[in-house]
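Visitor: Below is one structure. I have some questions about it.
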Amino acid sequence: MTQPSVILATASYDHTIRFWEAKSGRCYRTIQYPDSQVNRLEITPDKRYLAAAGNPHIRLFDINSSSPQPVMSYDSHTNNVMAVGFQCDGKWMYSGSEDGTVKIWDLRAPGCQREYESRGAVNTVVLHPNQTELISGDQNGNIRVWDLTANSCSCELVPEVDTAVRSLTVMWDGSLVVAANNHGTCYVWRLLRGNQTMANFEPLHKLQAHNGYILKCLLSPEFCEPHRYLATASSDHTVKIWNVDGFTLEKTLIGHQRWVWDCVFSVDGAYLITASSDTTAKLWSMTSGEEIKTYQGHHKATVCCALHDGAEPSPS
């Protein structure tokens, strides 16, 4: 199989993962995932593998093969895995689970290398661009910074007591962190470096983005510069696009019929892919705010999507 330059995948409560041709909207591969629902999808930086976070395992699938079987399974979580991601060279993977832990996995070795206890069901984990800190958000409203060099929790904050942190996102240059919660609020902090390498969170803005839940928040990528956007996907069926300069509302993406669970920017920030309970995923133009393509094929809620349309990192 020749590798398409754009990898687009979605997963649904129908227990399938689907790969799509982004331009035509054609589904060219379906993987059955009978064991559990898939909560999160992530593509490795080299575009070779797709990680599917389920309950309670993470499975790695070969993107360039037609085999329905995973090439690897990571099995030490004991509940839903809600977050998964990769270090920039693809050497290791991180995950967060409703079992209350954040874990680090060496992709070339079985078993979990490190484990951090959050004491609350983890909903979201992001890797700081410096590649040495993980930031997690949990069901109890805690945000924690895990310093991978010191191997400890370097910072804790609670933006709103007993309000679940659903989603975290960090600006590509490490300057901002945004946390979205179940009350439709986004908290924005400037990330400052003190004398220590430790992150200092300086409150910058509180944004009442939606009346419903925010299920995903996402800051735009580096190649979107000089534009900087924050996308918020909500249970109110919309995705809102905010200008990070002043957090003014730029656009509201209207077209999904049910909750919007996930979203991902194209590498240049010109497009956004969204996944919804209405069973579809959609491709949107960021310039017009219009829907360009609908990906139809799932039979139940489509709850996560992954896109990699950038260049593979050059081998170091």
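So you can find residues: chains in the structure tokens are A, B, ... in the order shown, residues in each start at 1, and ligands are numbered from 1 in order.
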Could you list, as a PyMOL selection string, every residue within 12 Å of Asp14 in chain A, counting only C-alpha atoms and ignoring same-chain residues fewer than 4 positions away?

Guide: chain A and resi 10+18+30-38+277+279+297-303

Visitor: List the spatial neighbours of Asn181 in chain A as JSON, numbers by chain - criterion: any atom at most 12 Å away, only C-alpha atoms, same-chain residues fewer than 5 positions off excluded.

Guide: {"A": [123, 124, 137, 138, 139, 140, 141, 142, 143, 158, 159, 160, 161, 162, 163, 164, 165, 166, 167, 168, 186, 187, 188, 206, 207, 208, 209, 210, 211, 212, 213, 214, 215, 216, 217, 232, 233, 234, 235]}

Visitor: Could you turn the residues from that selection into a file that holds C-alpha atoms, as a PDB file, in the first residue's frame?

Guide:
ATOM      1  CA  ASN A 123      -9.608  13.081  31.280  1.00  0.00           C
ATOM      2  CA  THR A 124      -6.815  14.816  29.374  1.00  0.00           C
ATOM      3  CA  GLY A 137      -6.474  17.382  33.975  1.00  0.00           C
ATOM      4  CA  ASP A 138      -8.860  15.220  35.979  1.00  0.00           C
ATOM      5  CA  GLN A 139     -12.470  14.695  36.932  1.00  0.00           C
ATOM      6  CA  ASN A 140     -11.984  16.406  40.319  1.00  0.00           C
ATOM      7  CA  GLY A 141     -10.844  19.645  38.669  1.00  0.00           C
ATOM      8  CA  ASN A 142      -7.094  19.272  39.276  1.00  0.00           C
ATOM      9  CA  ILE A 143      -4.442  20.284  36.777  1.00  0.00           C
ATOM     10  CA  VAL A 158      -7.536  23.857  40.647  1.00  0.00           C
ATOM     11  CA  PRO A 159      -9.233  26.463  38.444  1.00  0.00           C
ATOM     12  CA  GLU A 160     -12.742  25.584  39.640  1.00  0.00           C
ATOM     13  CA  VAL A 161     -13.376  23.253  42.589  1.00  0.00           C
ATOM     14  CA  ASP A 162     -15.201  20.000  41.772  1.00  0.00           C
ATOM     15  CA  THR A 163     -15.558  20.950  38.096  1.00  0.00           C
ATOM     16  CA  ALA A 164     -14.056  18.335  35.786  1.00  0.00           C
ATOM     17  CA  VAL A 165     -11.256  19.464  33.485  1.00  0.00           C
ATOM     18  CA  ARG A 166     -12.274  17.930  30.152  1.00  0.00           C
ATOM     19  CA  SER A 167      -9.510  19.095  27.841  1.00  0.00           C
ATOM     20  CA  LEU A 168      -6.103  20.787  27.935  1.00  0.00           C
ATOM     21  CA  CYS A 186     -11.946  28.003  29.343  1.00  0.00           C
ATOM     22  CA  TYR A 187      -9.201  29.094  31.706  1.00  0.00           C
ATOM     23  CA  VAL A 188      -6.154  30.559  29.981  1.00  0.00           C
ATOM     24  CA  LYS A 206     -11.388  33.334  31.704  1.00  0.00           C
ATOM     25  CA  LEU A 207     -13.584  32.656  28.698  1.00  0.00           C
ATOM     26  CA  GLN A 208     -17.227  31.603  28.977  1.00  0.00           C
ATOM     27  CA  ALA A 209     -17.174  29.825  25.637  1.00  0.00           C
ATOM     28  CA  HIS A 210     -20.330  27.678  25.678  1.00  0.00           C
ATOM     29  CA  ASN A 211     -23.415  27.076  27.784  1.00  0.00           C
ATOM     30  CA  GLY A 212     -22.911  23.311  27.531  1.00  0.00           C
ATOM     31  CA  TYR A 213     -19.895  21.116  28.172  1.00  0.00           C
ATOM     32  CA  ILE A 214     -16.648  21.756  26.328  1.00  0.00           C
ATOM     33  CA  LEU A 215     -15.466  18.337  25.194  1.00  0.00           C
ATOM     34  CA  LYS A 216     -12.269  19.462  23.473  1.00  0.00           C
ATOM     35  CA  CYS A 217     -10.198  22.630  23.290  1.00  0.00           C
ATOM     36  CA  THR A 232     -13.709  24.760  21.434  1.00  0.00           C
ATOM     37  CA  ALA A 233     -15.940  21.761  20.634  1.00  0.00           C
ATOM     38  CA  SER A 234     -19.118  21.483  22.668  1.00  0.00           C
ATOM     39  CA  SER A 235     -22.202  19.516  23.616  1.00  0.00           C
TER      40      SER A 235
END

Visitor: Pick the closest to Leu230 in chain A from A:Asn243, A:Asn39, A:Thr16, A:Ser175: which is it, counting only C-alpha atoms?

Guide: A:Asn243

Visitor: Select, from A:Asn80, A:Asp245, A:Asn151, A:Leu127, the residue with the minimum atom-to-atom distance to Gln113 in chain A, counting only C-alpha atoms.

Guide: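 Checking each of A:Asn80, A:Asp245, A:Asn151, A:Leu127 against Gln113 in chain A, counting only C-alpha atoms, the winner is A:Asn151.
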
Visitor: Find the spatial neighbours of Gly96 in chain A, counting only C-alpha atoms, within a cut-off of 7 Å - ignore same-chain residues fewer than 4 positions away - and output them as a list of chain:residue names.

Guide: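 Here the qualifying residues turn out to be A:Val81, A:Met82, A:Ala83, A:Val84, A:Thr101, A:Val102, A:Lys103, A:Val122, A:Asn123, A:Thr124, A:Val125.
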
Visitor: Per DSSP on the backbone, what are the strand (DSSP E) residues of range 64-287 of chain A, as a VMD selection string?

Guide: chain A and resid 72 to 74 81 to 86 92 to 97 101 to 106 112 to 117 122 to 127 133 to 138 143 to 147 152 to 157 165 to 170 176 to 181 185 to 193 199 to 208 214 to 219 229 to 234 239 to 243 248 to 253 260 to 265 271 to 276 281 to 285

Visitor: Next, the residues of the selection above should be written as a CSV table (one decimal), in the first residue's frame with C-alpha atoms.

Guide:
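The file below, part01.csv, is the result:
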chain,number,residue,atom,x,y,z
A,72,MET,CA,1.2,-3.9,19.8
A,73,SER,CA,-1.0,-3.7,22.9
A,74,TYR,CA,-0.2,-1.7,26.0
A,81,VAL,CA,-7.8,5.4,28.6
A,82,MET,CA,-8.9,8.9,27.9
A,83,ALA,CA,-5.7,10.5,26.6
A,84,VAL,CA,-2.8,9.3,24.4
A,85,GLY,CA,0.0,11.1,22.6
A,86,PHE,CA,3.6,10.8,21.5
A,92,TRP,CA,7.7,7.1,23.7
A,93,MET,CA,4.0,7.4,24.3
A,94,TYR,CA,2.1,8.9,27.2
A,95,SER,CA,-1.4,8.1,28.3
A,96,GLY,CA,-4.0,9.1,30.9
A,97,SER,CA,-6.8,7.0,32.3
A,101,THR,CA,-2.9,7.4,36.5
A,102,VAL,CA,-0.7,9.0,33.8
A,103,LYS,CA,1.7,6.5,32.2
A,104,ILE,CA,4.7,6.6,29.9
A,105,TRP,CA,5.5,3.8,27.5
A,106,ASP,CA,8.6,3.1,25.5
A,112,CYS,CA,4.9,0.8,31.2
A,113,GLN,CA,8.1,2.7,32.0
A,114,ARG,CA,6.7,5.3,34.4
A,115,GLU,CA,3.5,6.0,36.3
A,116,TYR,CA,2.1,9.1,38.0
A,117,GLU,CA,-0.9,9.1,40.4
A,122,VAL,CA,-7.7,11.6,34.2
A,123,ASN,CA,-9.6,13.1,31.3
A,124,THR,CA,-6.8,14.8,29.4
A,125,VAL,CA,-3.0,14.9,29.1
A,126,VAL,CA,-0.8,17.1,26.9
A,127,LEU,CA,2.9,17.2,26.4
A,133,GLU,CA,6.6,18.0,31.1
A,134,LEU,CA,3.2,16.4,30.9
A,135,ILE,CA,0.2,18.4,32.0
A,136,SER,CA,-2.9,16.4,33.1
A,137,GLY,CA,-6.5,17.4,34.0
A,138,ASP,CA,-8.9,15.2,36.0
A,143,ILE,CA,-4.4,20.3,36.8
A,144,ARG,CA,-1.0,18.8,37.5
A,145,VAL,CA,2.4,19.3,35.8
A,146,TRP,CA,4.6,16.2,35.8
A,147,ASP,CA,8.2,17.0,35.5
A,152,SER,CA,7.7,14.3,40.2
A,153,CYS,CA,4.7,16.6,40.2
A,154,SER,CA,6.1,20.1,40.0
A,155,CYS,CA,2.8,22.1,40.0
A,156,GLU,CA,-0.8,21.7,40.9
A,157,LEU,CA,-3.8,24.0,40.4
A,165,VAL,CA,-11.3,19.5,33.5
A,166,ARG,CA,-12.3,17.9,30.2
A,167,SER,CA,-9.5,19.1,27.8
A,168,LEU,CA,-6.1,20.8,27.9
A,169,THR,CA,-4.1,22.4,25.1
A,170,VAL,CA,-0.7,24.1,25.0
A,176,LEU,CA,-0.1,29.5,26.8
A,177,VAL,CA,-2.1,26.7,28.4
A,178,VAL,CA,-5.9,26.5,28.1
A,179,ALA,CA,-8.1,24.2,30.2
A,180,ALA,CA,-11.7,23.6,29.3
A,181,ASN,CA,-14.3,22.3,31.8
A,185,THR,CA,-15.5,27.7,30.7
A,186,CYS,CA,-11.9,28.0,29.3
A,187,TYR,CA,-9.2,29.1,31.7
A,188,VAL,CA,-6.2,30.6,30.0
A,189,TRP,CA,-2.7,30.9,31.6
A,190,ARG,CA,0.5,32.4,30.5
A,191,LEU,CA,3.3,29.8,31.1
A,192,LEU,CA,6.2,31.6,32.7
A,193,ARG,CA,9.6,30.1,33.5
A,199,ALA,CA,6.2,26.1,35.0
A,200,ASN,CA,4.5,29.0,36.6
A,201,PHE,CA,0.9,29.6,35.6
A,202,GLU,CA,0.0,33.2,35.3
A,203,PRO,CA,-3.8,33.7,34.9
A,204,LEU,CA,-4.5,35.5,31.6
A,205,HIS,CA,-8.2,35.1,30.8
A,206,LYS,CA,-11.4,33.3,31.7
A,207,LEU,CA,-13.6,32.7,28.7
A,208,GLN,CA,-17.2,31.6,29.0
A,214,ILE,CA,-16.6,21.8,26.3
A,215,LEU,CA,-15.5,18.3,25.2
A,216,LYS,CA,-12.3,19.5,23.5
A,217,CYS,CA,-10.2,22.6,23.3
A,218,LEU,CA,-7.3,23.0,20.9
A,219,LEU,CA,-4.8,25.8,20.0
A,229,TYR,CA,-6.8,30.4,17.3
A,230,LEU,CA,-8.5,28.5,20.0
A,231,ALA,CA,-11.1,25.9,18.9
A,232,THR,CA,-13.7,24.8,21.4
A,233,ALA,CA,-15.9,21.8,20.6
A,234,SER,CA,-19.1,21.5,22.7
A,239,VAL,CA,-17.4,24.4,17.5
A,240,LYS,CA,-16.3,28.0,18.2
A,241,ILE,CA,-13.1,29.5,16.9
A,242,TRP,CA,-11.6,32.2,19.1
A,243,ASN,CA,-8.9,34.7,18.3
A,248,THR,CA,-12.8,37.4,20.7
A,249,LEU,CA,-15.2,35.0,18.8
A,250,GLU,CA,-14.1,34.7,15.2
A,251,LYS,CA,-16.5,32.0,13.9
A,252,THR,CA,-19.0,29.5,15.0
A,253,LEU,CA,-19.0,26.3,13.0
A,260,VAL,CA,-19.1,17.6,19.0
A,261,TRP,CA,-16.5,15.4,20.8
A,262,ASP,CA,-13.2,16.1,19.1
A,263,CYS,CA,-11.4,18.4,16.7
A,264,VAL,CA,-8.0,18.6,15.1
A,265,PHE,CA,-6.3,21.3,12.9
A,271,TYR,CA,-8.7,23.4,8.1
A,272,LEU,CA,-10.4,21.8,11.0
A,273,ILE,CA,-11.7,18.2,11.3
A,274,THR,CA,-14.5,17.5,13.8
A,275,ALA,CA,-16.1,14.4,15.2
A,276,SER,CA,-19.7,14.2,16.4
A,281,ALA,CA,-16.9,13.7,10.9
A,282,LYS,CA,-16.6,17.0,9.0
A,283,LEU,CA,-13.9,19.1,7.3
A,284,TRP,CA,-14.2,22.9,7.8
A,285,SER,CA,-12.5,25.8,6.1

Visitor: So, with only C-alpha atoms as the atoms that count, which of A:Asp75, A:Ile254, A:Ser266, A:Tyr13 lies closest to Pro56 in chain A?

Guide: A:Asp75

Visitor: Suppose you want the space between CA of Leu107 in chain A and CA of Gln87 in chain A; what is it in Å?

Guide: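 It comes out at 10.3 Å.
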
Visitor: What lies within 12 Å of Pro45 in chain A using only C-alpha atoms, ignoring chain neighbours under 2 positions off, as a list in words?

Guide: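 Residues meeting the cut-off are Ile7, Glu42, Ile43, Lys47, Arg48, Tyr49, Leu50, Ala51, Gly85, Phe86, Gln87, Cys88, Asp89, Gly90, Lys91, Trp92, Met93, Ala306, Leu307, His308, Asp309, Gly310, Ala311, Glu312, Pro313, Ser314 and Pro315 of chain A.
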